[in-house]
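One structure is given below, encoded as structure tokens.
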Amino acid sequence: MTALTQLHIDIDERVANIRDNHQDWLCRMGCDLCCKRLAEIPSLTSAEWALLKEGIKTLSTEQFASLSQKMEALAAQTSRPVVCPLLDQSLGACSLYEFRPVACRTYGFYVQRDLGLYCNEIKAQVEQGALADVVWGNHDTIDRRLNALGDTRDLTEWFKELV
């Protein structure tokens with residue numbers, strides 16, 4: 001088992017625990033608020049890119065062409081926020097969901113308060129007492145594990161390998 005696979009398993013366990021105890025948890029397919037409000041182009045480790053690249057290979061010619069256009073536009077975009085090029089806006093979900101990066105798997109379930117990396121919608125519910133018993137994961141521990149998974153580059157930089 002790879003280090004990335006084990007990291008995914010650990011994340012999935014925390015996510016399942018939160019969802020099992022909070023049936024109305026906002027983060028699920030159809031909630032794409034974070035995907036539409038990225039502060040920057042997503043960064044991936046080489047291990048995450050290898051997995052995502054496998055997913056990209058499953059795309060049809062038309063889907064790949066559309067993704068290429070979105071990547072090119074994103075690489076040129078200077079304004080913020082940005083919309084994730086992997087987002088299928090008609091579904092409100094990642095077009096390569098099973099291959100998605102760690103940041104996408106953890107958002108809404110893990111938090112980095114110092115950097116302001118958390119779902120504001122969930123934070124508001126916690127502050128109102130609706131989710132007061134939630135134990136969010138510490139994203140710093142995820143970052144330490146990610147740092148061991150190889151070089152990190154922006155998604156648009158990795159994508160240039162394919163075109």
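Chain lettering (A, B, ...) mirrors the order of the structure tokens, residue numbering begins at 1 for each chain separately, and ligand numbering begins at 1 in order of display.
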
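Every protein or nucleic acid residue with an atom no more than 12 Å from A:Ala130, counting only C-alpha atoms and leaving out same-chain residues fewer than 3 positions away, appears here: His22, Asp24, Trp25, Leu26, Glu121, Ile122, Lys123, Ala124, Gln125, Val126, Glu127, Asp133 and Val134 of chain A.
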
### Message
Need the shell around stretch 86-96 of chain A: protein/DNA/RNA residues with any atom at most 12 Å away, counting only C-alpha atoms. Skip same-chain ones fewer than 5 positions apart. Format as a PyMOL selection string?
### Response
chain A and resi 27-38+41-42+51-60+63-64+66-71+74+101+104-105+155-156+159

Written file, previous selection with C-alpha atoms, as a tab-separated table (two decimals), in the first residue's frame:
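And here's out18.tsv as it stands now:
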chain	number	residue	atom	x	y	z
A	27	CYS	CA	-19.90	18.62	2.49
A	28	ARG	CA	-21.14	16.03	0.04
A	29	MET	CA	-21.84	15.68	-3.66
A	30	GLY	CA	-23.77	18.72	-4.81
A	31	CYS	CA	-22.10	21.14	-2.42
A	32	ASP	CA	-19.45	22.80	-4.53
A	33	LEU	CA	-19.00	26.11	-2.72
A	34	CYS	CA	-15.32	25.51	-1.97
A	35	CYS	CA	-14.66	24.37	-5.57
A	36	LYS	CA	-16.01	27.69	-6.85
A	37	ARG	CA	-14.08	29.89	-4.40
A	38	LEU	CA	-10.46	28.71	-4.46
A	41	ILE	CA	-4.65	27.25	-8.11
A	42	PRO	CA	-4.61	23.88	-6.33
A	51	LEU	CA	-3.27	9.39	-9.32
A	52	LEU	CA	-5.11	12.31	-10.94
A	53	LYS	CA	-3.33	11.62	-14.22
A	54	GLU	CA	-4.78	8.09	-14.16
A	55	GLY	CA	-8.23	9.64	-13.85
A	56	ILE	CA	-7.56	12.09	-16.66
A	57	LYS	CA	-6.71	9.14	-18.92
A	58	THR	CA	-10.29	7.88	-18.46
A	59	LEU	CA	-11.79	11.05	-19.93
A	60	SER	CA	-13.28	11.05	-23.40
A	63	GLN	CA	-13.92	15.86	-21.88
A	64	PHE	CA	-10.14	16.12	-22.15
A	66	SER	CA	-12.80	20.82	-22.28
A	67	LEU	CA	-10.45	20.24	-19.33
A	68	SER	CA	-7.51	21.50	-21.39
A	69	GLN	CA	-9.37	24.72	-22.17
A	70	LYS	CA	-10.22	25.21	-18.48
A	71	MET	CA	-6.60	24.58	-17.46
A	74	LEU	CA	-6.93	29.05	-15.21
A	101	PRO	CA	-6.37	15.50	-4.51
A	104	CYS	CA	-10.40	18.20	-1.89
A	105	ARG	CA	-10.88	15.12	0.28
A	155	LEU	CA	-2.23	21.73	-11.02
A	156	THR	CA	-1.82	23.79	-14.19
A	159	PHE	CA	-1.17	19.42	-16.55

### Query
What separation in Å, quoted to one decimal, exists between atom CA of A:Leu44 and atom CA of A:Ala76?
18.5 Å

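With only C-alpha atoms as the basis for measurement, A:Ala50 is the residue among A:Ala50, A:Ala39, A:Lys160, A:Ile9 that approaches A:Phe99 most closely.
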
### Message
What parts of stretch 99-162 of chain A does DSSP call strand (DSSP E)? I'd like the answer as a list in words.
### Response
Tyr110, Val111, Gly137, Asn138, Thr152, Arg153 and Asp154 of chain A

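Distances to A:Ile11 were evaluated for A:Asn138, A:Ser43, A:Thr152, A:Gln77 using only C-alpha atoms, and the minimum falls at A:Asn138.
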
### Task
Skip A:Ile142 itself and residues of its chain fewer than 3 positions away, then list as a list in words all residues within 10 Å of it, counting only C-alpha atoms.
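That gives Leu7, Asp10, Ile11, Val102, Ala103, Thr106, Tyr110, Gly137, Asn138, His139, Arg145, Leu146 and Asn147 of chain A.
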
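The gap separating atom CA of A:Val82 from atom CA of A:Glu40 is 6.5 Å, in Å to one decimal.
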
### Query
Using only C-alpha atoms, which of A:Arg19, A:Ala3, A:Ala47, A:Glu72 sits nearest A:Glu157?
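Of A:Arg19, A:Ala3, A:Ala47, A:Glu72, the one nearest A:Glu157, counting only C-alpha atoms, is A:Glu72.
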